[in-house]
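Shown here: query00.cif, mmCIF, C-alpha atoms.
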```cif
data_input
loop_
_atom_site.group_PDB
_atom_site.id
_atom_site.type_symbol
_atom_site.label_atom_id
_atom_site.label_comp_id
_atom_site.auth_asym_id
_atom_site.auth_seq_id
_atom_site.Cartn_x
_atom_site.Cartn_y
_atom_site.Cartn_z
ATOM 1 C CA MET A 1 -14.780 0.551 -17.221
ATOM 2 C CA ASN A 2 -12.061 2.704 -15.661
ATOM 3 C CA GLU A 3 -10.560 -0.054 -13.509
ATOM 4 C CA ARG A 4 -9.757 -3.325 -15.271
ATOM 5 C CA LYS A 5 -8.306 -5.099 -12.245
ATOM 6 C CA ALA A 6 -9.929 -5.564 -8.832
ATOM 7 C CA TRP A 7 -9.296 -7.815 -5.831
ATOM 8 C CA LEU A 8 -12.516 -8.858 -4.104
ATOM 9 C CA ILE A 9 -12.311 -9.884 -0.430
ATOM 10 C CA LEU A 10 -15.524 -11.787 0.265
ATOM 11 C CA HIS A 11 -16.803 -12.791 3.709
ATOM 12 C CA GLY A 12 -16.781 -16.584 3.793
ATOM 13 C CA LYS A 13 -20.460 -16.802 4.731
ATOM 14 C CA GLN A 14 -21.316 -15.254 1.360
ATOM 15 C CA ALA A 15 -19.387 -17.763 -0.761
ATOM 16 C CA LEU A 16 -22.581 -19.251 -2.214
ATOM 17 C CA ASN A 17 -24.408 -15.949 -2.726
ATOM 18 C CA GLY A 18 -25.931 -16.308 -6.184
ATOM 19 C CA GLU A 19 -26.277 -12.566 -6.814
ATOM 20 C CA VAL A 20 -22.615 -11.997 -6.026
ATOM 21 C CA ARG A 21 -21.536 -14.841 -8.290
ATOM 22 C CA ALA A 22 -23.651 -13.492 -11.159
ATOM 23 C CA ALA A 23 -22.317 -9.950 -10.703
ATOM 24 C CA VAL A 24 -18.704 -11.184 -10.648
ATOM 25 C CA GLN A 25 -19.248 -13.282 -13.757
ATOM 26 C CA ALA A 26 -20.821 -10.346 -15.604
ATOM 27 C CA LEU A 27 -17.809 -8.139 -14.837
ATOM 28 C CA ARG A 28 -15.396 -10.829 -15.985
ATOM 29 C CA GLU A 29 -17.311 -11.197 -19.246
ATOM 30 C CA ARG A 30 -16.820 -7.444 -19.776
ATOM 31 C CA GLY A 31 -13.064 -7.850 -19.468
ATOM 32 C CA CYS A 32 -12.461 -7.092 -15.803
ATOM 33 C CA ASP A 33 -9.653 -9.047 -14.107
ATOM 34 C CA LEU A 34 -11.613 -9.728 -10.928
ATOM 35 C CA ALA A 35 -9.946 -12.008 -8.386
ATOM 36 C CA VAL A 36 -12.047 -13.346 -5.507
ATOM 37 C CA ARG A 37 -10.630 -14.381 -2.125
ATOM 38 C CA LEU A 38 -12.606 -15.613 0.894
ATOM 39 C CA THR A 39 -12.182 -14.828 4.583
ATOM 40 C CA TRP A 40 -12.491 -17.715 7.015
ATOM 41 C CA GLU A 41 -11.204 -16.543 10.402
ATOM 42 C CA ALA A 42 -9.836 -13.527 12.251
ATOM 43 C CA GLY A 43 -6.868 -11.956 10.520
ATOM 44 C CA ASP A 44 -7.810 -13.136 7.033
ATOM 45 C CA ALA A 45 -8.927 -9.714 5.825
ATOM 46 C CA GLU A 46 -5.577 -8.106 6.683
ATOM 47 C CA ARG A 47 -3.658 -10.970 5.059
ATOM 48 C CA LEU A 48 -5.768 -10.796 1.911
ATOM 49 C CA VAL A 49 -5.350 -7.016 1.668
ATOM 50 C CA GLU A 50 -1.588 -7.494 1.806
ATOM 51 C CA GLU A 51 -1.760 -10.194 -0.883
ATOM 52 C CA GLY A 52 -3.911 -8.070 -3.178
ATOM 53 C CA LEU A 53 -1.638 -5.055 -2.860
ATOM 54 C CA ALA A 54 1.470 -7.176 -3.381
ATOM 55 C CA ALA A 55 -0.093 -8.594 -6.552
ATOM 56 C CA GLY A 56 -0.492 -5.066 -7.893
ATOM 57 C CA TYR A 57 -4.265 -4.739 -7.850
ATOM 58 C CA PRO A 58 -5.172 -1.030 -7.983
ATOM 59 C CA THR A 59 -8.658 -1.536 -6.496
ATOM 60 C CA LEU A 60 -9.825 -3.668 -3.585
ATOM 61 C CA ILE A 61 -13.434 -4.637 -2.888
ATOM 62 C CA ALA A 62 -14.627 -5.209 0.689
ATOM 63 C CA SER A 63 -17.576 -7.580 0.471
ATOM 64 C CA GLY A 64 -19.493 -8.226 3.689
ATOM 65 C CA GLY A 65 -20.857 -6.147 6.550
ATOM 66 C CA ASP A 66 -19.542 -3.111 8.392
ATOM 67 C CA GLY A 67 -17.057 -5.297 10.266
ATOM 68 C CA THR A 68 -15.505 -6.607 7.049
ATOM 69 C CA LEU A 69 -15.279 -3.052 5.764
ATOM 70 C CA ARG A 70 -13.501 -1.952 8.948
ATOM 71 C CA ASP A 71 -10.990 -4.808 8.763
ATOM 72 C CA VAL A 72 -10.137 -4.054 5.135
ATOM 73 C CA VAL A 73 -9.897 -0.303 5.733
ATOM 74 C CA GLU A 74 -7.593 -0.737 8.712
ATOM 75 C CA ALA A 75 -5.305 -3.047 6.740
ATOM 76 C CA MET A 76 -5.156 -0.557 3.853
ATOM 77 C CA ILE A 77 -4.333 2.292 6.245
ATOM 78 C CA LYS A 78 -1.570 0.230 7.873
ATOM 79 C CA ALA A 79 -0.134 -0.488 4.441
ATOM 80 C CA ASP A 80 -0.281 3.218 3.538
ATOM 81 C CA SER A 81 -1.799 2.070 0.268
ATOM 82 C CA GLN A 82 -2.780 4.248 -2.677
ATOM 83 C CA ALA A 83 -5.171 1.571 -3.923
ATOM 84 C CA SER A 84 -8.850 2.501 -4.050
ATOM 85 C CA LEU A 85 -11.703 0.696 -2.307
ATOM 86 C CA VAL A 86 -15.191 -0.387 -3.362
ATOM 87 C CA LEU A 87 -17.799 -1.561 -0.848
ATOM 88 C CA LEU A 88 -20.083 -4.471 -1.702
ATOM 89 C CA PRO A 89 -22.499 -4.448 1.294
ATOM 90 C CA LEU A 90 -23.706 -7.889 2.340
ATOM 91 C CA GLY A 91 -24.153 -7.498 6.099
ATOM 92 C CA THR A 92 -27.194 -7.217 8.350
ATOM 93 C CA ALA A 93 -27.135 -3.503 9.100
ATOM 94 C CA ASN A 94 -24.928 -2.114 6.299
ATOM 95 C CA ASP A 95 -24.987 1.204 8.140
ATOM 96 C CA PHE A 96 -22.227 2.885 6.176
ATOM 97 C CA ALA A 97 -23.637 1.761 2.827
ATOM 98 C CA HIS A 98 -27.136 3.028 3.681
ATOM 99 C CA ALA A 99 -25.848 6.452 4.692
ATOM 100 C CA ALA A 100 -23.550 6.683 1.678
ATOM 101 C CA GLY A 101 -26.268 5.754 -0.819
ATOM 102 C CA ILE A 102 -24.519 2.553 -1.933
ATOM 103 C CA SER A 103 -26.907 0.012 -3.408
ATOM 104 C CA LEU A 104 -27.442 -3.328 -1.647
ATOM 105 C CA VAL A 105 -27.848 -5.008 -5.060
ATOM 106 C CA PRO A 106 -24.439 -6.591 -5.810
ATOM 107 C CA ALA A 107 -24.360 -5.699 -9.518
ATOM 108 C CA GLU A 108 -25.247 -2.070 -8.754
ATOM 109 C CA ALA A 109 -22.711 -1.796 -5.936
ATOM 110 C CA LEU A 110 -19.954 -3.196 -8.161
ATOM 111 C CA ALA A 111 -20.873 -0.635 -10.829
ATOM 112 C CA LEU A 112 -19.059 1.864 -8.582
ATOM 113 C CA LEU A 113 -15.858 0.451 -10.089
ATOM 114 C CA GLU A 114 -16.660 2.784 -12.977
ATOM 115 C CA VAL A 115 -16.889 5.849 -10.727
ATOM 116 C CA GLU A 116 -13.713 7.751 -9.903
ATOM 117 C CA PRO A 117 -12.692 7.327 -6.246
ATOM 118 C CA VAL A 118 -12.675 10.288 -3.871
ATOM 119 C CA ALA A 119 -10.417 10.935 -0.895
ATOM 120 C CA VAL A 120 -12.257 10.337 2.388
ATOM 121 C CA ASP A 121 -11.364 10.631 6.051
ATOM 122 C CA ILE A 122 -10.726 7.768 8.437
ATOM 123 C CA GLY A 123 -11.484 7.789 12.165
ATOM 124 C CA LEU A 124 -8.938 6.519 14.664
ATOM 125 C CA ALA A 125 -9.661 5.200 18.154
ATOM 126 C CA GLY A 126 -6.157 5.063 19.524
ATOM 127 C CA GLU A 127 -4.439 3.088 16.756
ATOM 128 C CA ARG A 128 -7.593 1.289 15.591
ATOM 129 C CA ALA A 129 -9.231 2.584 12.429
ATOM 130 C CA PHE A 130 -12.917 2.951 11.618
ATOM 131 C CA LEU A 131 -14.664 4.287 8.545
ATOM 132 C CA ASN A 132 -18.208 4.603 9.880
ATOM 133 C CA MET A 133 -18.651 5.171 13.615
ATOM 134 C CA ALA A 134 -17.449 4.440 17.116
ATOM 135 C CA THR A 135 -20.306 3.928 19.550
ATOM 136 C CA GLY A 136 -20.396 3.513 23.316
ATOM 137 C CA GLY A 137 -22.880 2.985 26.110
ATOM 138 C CA PHE A 138 -26.155 1.146 25.824
ATOM 139 C CA GLY A 139 -26.298 1.298 22.030
ATOM 140 C CA SER A 140 -22.983 -0.507 21.537
ATOM 141 C CA ASN A 141 -24.056 -3.081 24.137
ATOM 142 C CA VAL A 142 -27.170 -3.822 22.093
ATOM 143 C CA THR A 143 -25.136 -4.192 18.900
ATOM 144 C CA ALA A 144 -22.661 -6.552 20.538
ATOM 145 C CA ASN A 145 -25.352 -8.728 22.142
ATOM 146 C CA THR A 146 -27.761 -9.153 19.231
ATOM 147 C CA PRO A 147 -27.684 -12.866 18.283
ATOM 148 C CA GLU A 148 -26.575 -13.751 14.760
ATOM 149 C CA GLU A 149 -29.631 -15.998 14.358
ATOM 150 C CA LEU A 150 -31.959 -13.092 15.134
ATOM 151 C CA LYS A 151 -30.152 -10.855 12.651
ATOM 152 C CA LYS A 152 -30.585 -13.486 9.939
ATOM 153 C CA VAL A 153 -34.348 -13.571 10.505
ATOM 154 C CA LEU A 154 -35.121 -9.904 11.211
ATOM 155 C CA GLY A 155 -32.222 -8.001 9.656
ATOM 156 C CA GLY A 156 -31.689 -4.547 11.151
ATOM 157 C CA ALA A 157 -34.900 -4.840 13.193
ATOM 158 C CA ALA A 158 -33.088 -7.397 15.353
ATOM 159 C CA TYR A 159 -31.154 -4.584 17.037
ATOM 160 C CA LEU A 160 -34.400 -2.846 17.984
ATOM 161 C CA LEU A 161 -35.884 -6.038 19.424
ATOM 162 C CA THR A 162 -32.723 -6.778 21.417
ATOM 163 C CA GLY A 163 -32.712 -3.233 22.779
ATOM 164 C CA LEU A 164 -36.334 -3.440 23.853
ATOM 165 C CA THR A 165 -35.681 -6.667 25.771
ATOM 166 C CA ARG A 166 -32.632 -5.232 27.572
ATOM 167 C CA PHE A 167 -34.161 -2.067 29.076
ATOM 168 C CA SER A 168 -33.857 -3.576 32.552
ATOM 169 C CA GLU A 169 -30.080 -3.476 32.138
ATOM 170 C CA VAL A 170 -29.928 0.261 31.463
ATOM 171 C CA ARG A 171 -27.136 1.830 33.482
ATOM 172 C CA PRO A 172 -25.561 5.156 32.563
ATOM 173 C CA ALA A 173 -21.843 5.378 31.895
ATOM 174 C CA VAL A 174 -19.744 8.155 33.388
ATOM 175 C CA GLY A 175 -17.285 10.020 31.230
ATOM 176 C CA ARG A 176 -15.214 13.125 30.679
ATOM 177 C CA PHE A 177 -14.885 14.460 27.139
ATOM 178 C CA ARG A 178 -12.361 17.015 25.930
ATOM 179 C CA GLY A 179 -11.618 18.432 22.479
ATOM 180 C CA PRO A 180 -10.759 21.776 20.859
ATOM 181 C CA ASP A 181 -13.031 24.354 22.553
ATOM 182 C CA PHE A 182 -15.193 21.499 23.853
ATOM 183 C CA GLN A 183 -15.616 19.935 27.292
ATOM 184 C CA TRP A 184 -18.399 17.861 28.801
ATOM 185 C CA GLU A 185 -18.573 15.614 31.847
ATOM 186 C CA GLY A 186 -21.350 13.533 33.321
ATOM 187 C CA GLU A 187 -23.498 10.422 33.006
ATOM 188 C CA PHE A 188 -24.550 9.374 29.530
ATOM 189 C CA LEU A 189 -26.604 6.628 27.936
ATOM 190 C CA ALA A 190 -25.108 6.530 24.465
ATOM 191 C CA LEU A 191 -22.152 7.914 22.562
ATOM 192 C CA GLY A 192 -21.534 8.219 18.848
ATOM 193 C CA ILE A 193 -18.308 9.461 17.267
ATOM 194 C CA GLY A 194 -19.088 9.508 13.603
ATOM 195 C CA ASN A 195 -17.221 9.698 10.380
ATOM 196 C CA GLY A 196 -20.455 8.265 8.991
ATOM 197 C CA ARG A 197 -23.986 8.919 10.226
ATOM 198 C CA GLN A 198 -25.638 5.814 11.632
ATOM 199 C CA ALA A 199 -24.843 2.617 13.526
ATOM 200 C CA GLY A 200 -26.514 -0.378 15.110
ATOM 201 C CA GLY A 201 -28.962 -1.025 12.307
ATOM 202 C CA GLY A 202 -30.061 2.509 11.502
ATOM 203 C CA HIS A 203 -29.594 4.571 14.687
ATOM 204 C CA LEU A 204 -28.920 7.997 13.203
ATOM 205 C CA LEU A 205 -26.600 9.431 15.843
ATOM 206 C CA CYS A 206 -24.658 11.875 13.645
ATOM 207 C CA PRO A 207 -27.129 13.010 10.973
ATOM 208 C CA GLU A 208 -24.901 15.715 9.471
ATOM 209 C CA ALA A 209 -21.597 13.828 9.346
ATOM 210 C CA THR A 210 -19.607 13.785 6.119
ATOM 211 C CA VAL A 211 -16.546 11.745 5.221
ATOM 212 C CA ASP A 212 -14.499 14.482 3.564
ATOM 213 C CA ASP A 213 -14.588 17.440 5.987
ATOM 214 C CA GLY A 214 -11.607 16.538 8.194
ATOM 215 C CA LEU A 215 -13.839 16.323 11.292
ATOM 216 C CA LEU A 216 -15.589 13.760 13.479
ATOM 217 C CA ASP A 217 -19.181 14.369 14.543
ATOM 218 C CA VAL A 218 -19.766 13.734 18.250
ATOM 219 C CA CYS A 219 -23.145 12.855 19.787
ATOM 220 C CA ILE A 220 -23.456 12.314 23.542
ATOM 221 C CA VAL A 221 -26.872 11.324 24.900
ATOM 222 C CA PRO A 222 -26.890 12.444 28.568
ATOM 223 C CA ALA A 223 -28.591 10.295 31.171
ATOM 224 C CA ALA A 224 -32.088 11.679 31.662
ATOM 225 C CA GLN A 225 -34.646 11.069 34.395
ATOM 226 C CA ASP A 226 -36.689 9.142 31.859
ATOM 227 C CA ALA A 227 -33.865 6.855 30.713
ATOM 228 C CA VAL A 228 -36.208 4.284 29.207
ATOM 229 C CA GLY A 229 -38.015 6.943 27.202
ATOM 230 C CA THR A 230 -34.765 8.400 25.915
ATOM 231 C CA LEU A 231 -33.493 4.991 24.849
ATOM 232 C CA GLY A 232 -36.846 4.224 23.282
ATOM 233 C CA THR A 233 -36.397 7.298 21.111
ATOM 234 C CA LEU A 234 -32.881 6.167 20.192
ATOM 235 C CA LEU A 235 -33.849 2.601 19.325
ATOM 236 C CA SER A 236 -36.987 3.552 17.418
ATOM 237 C CA GLY A 237 -35.128 6.036 15.234
ATOM 238 C CA GLY A 238 -36.843 9.161 16.584
ATOM 239 C CA ILE A 239 -33.887 11.315 15.646
ATOM 240 C CA HIS A 240 -35.501 14.736 16.073
ATOM 241 C CA GLY A 241 -36.381 14.040 19.697
ATOM 242 C CA LEU A 242 -32.963 12.555 20.327
ATOM 243 C CA GLN A 243 -31.064 15.498 18.873
ATOM 244 C CA SER A 244 -32.996 17.889 21.089
ATOM 245 C CA VAL A 245 -31.390 16.354 24.184
ATOM 246 C CA ALA A 246 -28.018 15.279 22.766
ATOM 247 C CA VAL A 247 -24.744 17.131 23.224
ATOM 248 C CA SER A 248 -23.199 17.558 19.784
ATOM 249 C CA ALA A 249 -19.902 18.808 18.382
ATOM 250 C CA ARG A 250 -17.697 18.550 15.300
ATOM 251 C CA LEU A 251 -14.050 18.056 16.192
ATOM 252 C CA PRO A 252 -10.718 16.926 14.719
ATOM 253 C CA TRP A 253 -10.022 14.980 17.922
ATOM 254 C CA LEU A 254 -11.693 13.998 21.168
ATOM 255 C CA GLU A 255 -10.276 12.552 24.382
ATOM 256 C CA VAL A 256 -12.585 10.323 26.435
ATOM 257 C CA ASP A 257 -11.962 9.272 30.036
ATOM 258 C CA ALA A 258 -14.344 6.774 31.639
ATOM 259 C CA PRO A 259 -13.065 5.821 35.110
ATOM 260 C CA GLU A 260 -15.398 2.816 35.346
ATOM 261 C CA GLY A 261 -14.525 1.637 31.849
ATOM 262 C CA LEU A 262 -16.480 1.925 28.629
ATOM 263 C CA ASP A 263 -17.636 -0.689 26.126
ATOM 264 C CA LEU A 264 -17.119 0.585 22.605
ATOM 265 C CA ASN A 265 -17.960 -0.688 19.161
ATOM 266 C CA LEU A 266 -15.910 0.294 16.108
ATOM 267 C CA ASP A 267 -17.888 -0.687 13.019
ATOM 268 C CA GLY A 268 -18.681 -4.057 14.587
ATOM 269 C CA GLU A 269 -15.352 -4.453 16.407
ATOM 270 C CA PRO A 270 -15.752 -4.519 20.229
ATOM 271 C CA LEU A 271 -13.269 -2.503 22.247
ATOM 272 C CA GLU A 272 -12.981 -1.820 25.975
ATOM 273 C CA SER A 273 -11.147 1.184 27.357
ATOM 274 C CA SER A 274 -11.147 3.638 30.221
ATOM 275 C CA SER A 275 -9.158 6.316 28.382
ATOM 276 C CA LEU A 276 -8.969 6.803 24.653
ATOM 277 C CA ARG A 277 -8.170 9.496 22.118
ATOM 278 C CA PHE A 278 -10.239 9.673 18.952
ATOM 279 C CA ALA A 279 -8.887 11.536 15.953
ATOM 280 C CA VAL A 280 -9.552 11.975 12.260
ATOM 281 C CA LYS A 281 -7.031 11.088 9.553
ATOM 282 C CA PRO A 282 -8.073 13.394 6.691
ATOM 283 C CA ALA A 283 -8.209 12.170 3.100
ATOM 284 C CA ALA A 284 -6.602 8.868 4.114
ATOM 285 C CA LEU A 285 -8.501 6.527 1.784
ATOM 286 C CA ARG A 286 -9.573 6.585 -1.869
ATOM 287 C CA LEU A 287 -13.154 5.314 -1.862
ATOM 288 C CA HIS A 288 -15.602 4.733 -4.717
ATOM 289 C CA LEU A 289 -18.867 6.428 -3.732
ATOM 290 C CA PRO A 290 -21.980 7.414 -5.681
ATOM 291 C CA GLU A 291 -21.319 10.763 -7.369
ATOM 292 C CA ARG A 292 -23.930 12.520 -5.229
ATOM 293 C CA SER A 293 -23.437 10.541 -2.061
ATOM 294 C CA PRO A 294 -25.024 12.246 0.993
ATOM 295 C CA LEU A 295 -21.773 11.593 2.862
ATOM 296 C CA LEU A 296 -19.810 13.900 0.574
ATOM 297 C CA HIS A 297 -19.751 17.419 1.971
ATOM 298 C CA HIS A 298 -20.574 19.095 -1.350
ATOM 299 C CA TRP A 299 -23.847 17.178 -1.656
ATOM 300 C CA SER A 300 -24.752 16.646 1.981
ATOM 301 C CA GLY A 301 -26.295 19.999 2.853
ATOM 302 C CA ALA A 302 -24.280 19.816 6.079
ATOM 303 C CA ARG A 303 -23.661 22.998 7.958
ATOM 304 C CA GLY A 304 -20.338 24.780 7.802
#
```

As a first step, turn the structure in this file into structure tokens.
Amino acid sequence: MNERKAWLILHGKQALNGEVRAAVQALRERGCDLAVRLTWEAGDAERLVEEGLAAGYPTLIASGGDGTLRDVVEAMIKADSQASLVLLPLGTANDFAHAAGISLVPAEALALLEVEPVAVDIGLAGERAFLNMATGGFGSNVTANTPEELKKVLGGAAYLLTGLTRFSEVRPAVGRFRGPDFQWEGEFLALGIGNGRQAGGGHLLCPEATVDDGLLDVCIVPAAQDAVGTLGTLLSGGIHGLQSVAVSARLPWLEVDAPEGLDLNLDGEPLESSSLRFAVKPAALRLHLPERSPLLHHWSGARG
């Protein structure tokens, strides 16, 4: 094993997860100094990142859903840390892990400790960091309003069910978008600004995004006459039909103005704003990914 010390930040709800306990014990039996710390309330992830770095651990492990990953990543970026990061996905959607090809089996995910980390980009929404995607419009509203109880029972399908029951609330947002050689203005139903590819339990908004190209992939779904049909395509995962109507771009930064305000979601973190600048921070994080991860530009088959 290349890394003999790792600091695992585990979402408190997963404290009794038998698979995680077995995987941790197996690593310890192989000689890994693996410390485990639990989150309990808001702010714990940042505090635990600081403690792990101060203790000299060269690798941190974010264990939970996309929100836990975002919290840990943001804390590492604030600390300007050279430590590497492993993701142990234990959430409902696990959107970043699915797109990256990271196993949902704890022992297999932790095996990435033996893979050399690679430098990946981080997205910024103002000063807030995200590793996967910022979403806005109806899609982010669905994500924010899906009950935890429903997610426990149905997993990622809970987002689809919530979306189907909220069609009556469909109302386009109005926005102006500006980036290098890019401008668009009008009414839109959904927005994705992706470092990763999917959000909200598998909605593939940015199917060609990679995490090491120094760019953010932008997907704007304009308001169409058949709004319900368009959203049905989005929520059901009909990506080919969606991409035929979406406005897409790949940009190092994007400014968004929404006079009426816009509800955003950054990897599970809600954010409201009427004016915001998105930007990419290239090669800002050392992340352990599968050697042929689809999110790495060399293996993705992405254009450019």

Residues returned when the PyMOL selection byres ((chain A and resi 275) around 6) runs on this file, as JSON, numbers by chain: {"A": [256, 257, 273, 274, 276]}

Neighbourhood query: residues within 8 Å of (-5.6, -5.1, 5.6), file coordinates, counting all atoms listed in the file; return as a list in words.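 Taken together, the residues in range are Ala45, Glu46, Arg47, Leu48, Val49, Glu50, Asp71, Val72, Val73, Glu74, Ala75, Met76, Ile77, Lys78 and Ala79 of chain A.
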
Identify all residues satisfying the PyMOL selection byres ((chain A and resi 206) around 10) in the given file; provide them as a list in words.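 Going through the file, the PyMOL selection byres ((chain A and resi 206) around 10) ends up selecting Met133, Gly192, Ile193, Gly194, Asn195, Gly196, Arg197, Gln198, Ala199, His203, Leu204, Leu205, Pro207, Glu208, Ala209, Thr210, Leu216, Asp217, Val218, Cys219, Ile220, Ile239, Gln243, Ser248, Ala249 and Arg250 of chain A.
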
Could you tell me which residues the PyMOL selection byres ((chain A and resi 40) around 6) grabs in this file, written as an MDAnalysis selection string? chainID A and resid 12 39 41

Those selected residues, please, written with C-alpha atoms and delivered as a compact mmCIF listing (two decimals), keeping the file's coordinate frame.
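Below is the file that was written, again.txt:
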```txt
# COMPACT_ATOMS: atom_id res chain seq x y z
CA GLY A 12 -16.78 -16.58 3.79
CA THR A 39 -12.18 -14.83 4.58
CA GLU A 41 -11.20 -16.54 10.40
```

Pairwise distance for atom CA of Ala35 of chain A and atom CA of Ile9 of chain A, rounded to one decimal in Å: 8.6 Å

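In terms of minimum interatomic distance to Glu114 of chain A, A:Lys5 ranks closest within A:Lys5, A:His11, A:Arg128, A:Arg176, counting all atoms listed in the file.
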
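Here atom CA of Ser103 of chain A and atom CA of Leu289 of chain A stand 10.3 Å from one another.
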
Smallest atom-to-atom distance to Gln82 of chain A: which of A:Asp263, A:Pro222, A:Tyr57, A:Ala134, using all atoms listed in the file?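 Of A:Asp263, A:Pro222, A:Tyr57, A:Ala134, the one nearest Gln82 of chain A, counting all atoms listed in the file, is A:Tyr57.
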
Have a look at A:Gly186, A:Gly179, A:Pro290, A:Gly202 and name the one nearest to Leu251 of chain A; count only C-alpha atoms. A:Gly179

If you measure from atom CA of Asp44 of chain A to atom CA of Ser63 of chain A, what distance in Å do you get, rounded to one decimal?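 Separation between atom CA of Asp44 of chain A and atom CA of Ser63 of chain A: 13.0 Å.
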
Test item: axis-aligned box, all listed atoms of segment 198-211 of chain A, 5 Å on each side, centre and edges in Å rounded to one decimal, as JSON:
```
{"center_x": -23.3, "center_y": 7.3, "center_z": 10.5, "size_x": 23.5, "size_y": 26.7, "size_z": 20.6}
```

Selection: 7 Å around segment 267-269 of chain A, only C-alpha atoms, excl. self and same-chain fewer than 5 positions, as a PyMOL selection string: chain A and resi 66-67+70+130+132-134

Which residues come within 10 Å of segment 280-286 of chain A, counting only C-alpha atoms, excluding same-chain residues fewer than 3 positions away, as a PDB file with C-alpha atoms, keeping the file's coordinate frame?
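Output contents, as saved in part.pdb:
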```
ATOM      1  CA  THR A  59      -8.658  -1.536  -6.496  1.00  0.00           C
ATOM      2  CA  VAL A  73      -9.897  -0.303   5.733  1.00  0.00           C
ATOM      3  CA  MET A  76      -5.156  -0.557   3.853  1.00  0.00           C
ATOM      4  CA  ILE A  77      -4.333   2.292   6.245  1.00  0.00           C
ATOM      5  CA  ASP A  80      -0.281   3.218   3.538  1.00  0.00           C
ATOM      6  CA  SER A  81      -1.799   2.070   0.268  1.00  0.00           C
ATOM      7  CA  GLN A  82      -2.780   4.248  -2.677  1.00  0.00           C
ATOM      8  CA  ALA A  83      -5.171   1.571  -3.923  1.00  0.00           C
ATOM      9  CA  SER A  84      -8.850   2.501  -4.050  1.00  0.00           C
ATOM     10  CA  LEU A  85     -11.703   0.696  -2.307  1.00  0.00           C
ATOM     11  CA  VAL A  86     -15.191  -0.387  -3.362  1.00  0.00           C
ATOM     12  CA  GLU A 116     -13.713   7.751  -9.903  1.00  0.00           C
ATOM     13  CA  PRO A 117     -12.692   7.327  -6.246  1.00  0.00           C
ATOM     14  CA  VAL A 118     -12.675  10.288  -3.871  1.00  0.00           C
ATOM     15  CA  ALA A 119     -10.417  10.935  -0.895  1.00  0.00           C
ATOM     16  CA  VAL A 120     -12.257  10.337   2.388  1.00  0.00           C
ATOM     17  CA  ASP A 121     -11.364  10.631   6.051  1.00  0.00           C
ATOM     18  CA  ILE A 122     -10.726   7.768   8.437  1.00  0.00           C
ATOM     19  CA  GLY A 123     -11.484   7.789  12.165  1.00  0.00           C
ATOM     20  CA  LEU A 124      -8.938   6.519  14.664  1.00  0.00           C
ATOM     21  CA  ALA A 125      -9.661   5.200  18.154  1.00  0.00           C
ATOM     22  CA  ALA A 129      -9.231   2.584  12.429  1.00  0.00           C
ATOM     23  CA  PHE A 130     -12.917   2.951  11.618  1.00  0.00           C
ATOM     24  CA  LEU A 131     -14.664   4.287   8.545  1.00  0.00           C
ATOM     25  CA  GLY A 194     -19.088   9.508  13.603  1.00  0.00           C
ATOM     26  CA  ASN A 195     -17.221   9.698  10.380  1.00  0.00           C
ATOM     27  CA  VAL A 211     -16.546  11.745   5.221  1.00  0.00           C
ATOM     28  CA  ASP A 212     -14.499  14.482   3.564  1.00  0.00           C
ATOM     29  CA  ASP A 213     -14.588  17.440   5.987  1.00  0.00           C
ATOM     30  CA  GLY A 214     -11.607  16.538   8.194  1.00  0.00           C
ATOM     31  CA  LEU A 215     -13.839  16.323  11.292  1.00  0.00           C
ATOM     32  CA  LEU A 216     -15.589  13.760  13.479  1.00  0.00           C
ATOM     33  CA  LEU A 251     -14.050  18.056  16.192  1.00  0.00           C
ATOM     34  CA  PRO A 252     -10.718  16.926  14.719  1.00  0.00           C
ATOM     35  CA  TRP A 253     -10.022  14.980  17.922  1.00  0.00           C
ATOM     36  CA  LEU A 254     -11.693  13.998  21.168  1.00  0.00           C
ATOM     37  CA  LEU A 289     -18.867   6.428  -3.732  1.00  0.00           C
TER      38      LEU A 289
END
```

From the options A:Ala54, A:Glu255, A:Arg28, A:Leu8, which residue's atoms come nearest to Trp184 of chain A, counting all atoms listed in the file?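 Closest to Trp184 of chain A, using all atoms listed in the file: A:Glu255.
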
Residue neighbourhood Gln25 of chain A, 12 Å, all atoms listed in the file, exclusion window fewer than 6 positions, as a PyMOL selection string: chain A and resi 18-19+31-36+106-107+110

With 9 Å as the threshold, what does the neighbourhood of (-24.8, 7.3, 2.6) contain in terms of residues, counting all atoms listed in the file? Coordinates are those of the file; answer as a PDB file with C-alpha atoms, keeping the file's coordinate frame.
```
ATOM      1  CA  ASP A  95     -24.987   1.204   8.140  1.00  0.00           C
ATOM      2  CA  PHE A  96     -22.227   2.885   6.176  1.00  0.00           C
ATOM      3  CA  ALA A  97     -23.637   1.761   2.827  1.00  0.00           C
ATOM      4  CA  HIS A  98     -27.136   3.028   3.681  1.00  0.00           C
ATOM      5  CA  ALA A  99     -25.848   6.452   4.692  1.00  0.00           C
ATOM      6  CA  ALA A 100     -23.550   6.683   1.678  1.00  0.00           C
ATOM      7  CA  GLY A 101     -26.268   5.754  -0.819  1.00  0.00           C
ATOM      8  CA  ILE A 102     -24.519   2.553  -1.933  1.00  0.00           C
ATOM      9  CA  GLY A 196     -20.455   8.265   8.991  1.00  0.00           C
ATOM     10  CA  ARG A 197     -23.986   8.919  10.226  1.00  0.00           C
ATOM     11  CA  LEU A 289     -18.867   6.428  -3.732  1.00  0.00           C
ATOM     12  CA  PRO A 290     -21.980   7.414  -5.681  1.00  0.00           C
ATOM     13  CA  SER A 293     -23.437  10.541  -2.061  1.00  0.00           C
ATOM     14  CA  PRO A 294     -25.024  12.246   0.993  1.00  0.00           C
ATOM     15  CA  LEU A 295     -21.773  11.593   2.862  1.00  0.00           C
ATOM     16  CA  LEU A 296     -19.810  13.900   0.574  1.00  0.00           C
TER      17      LEU A 296
END
```
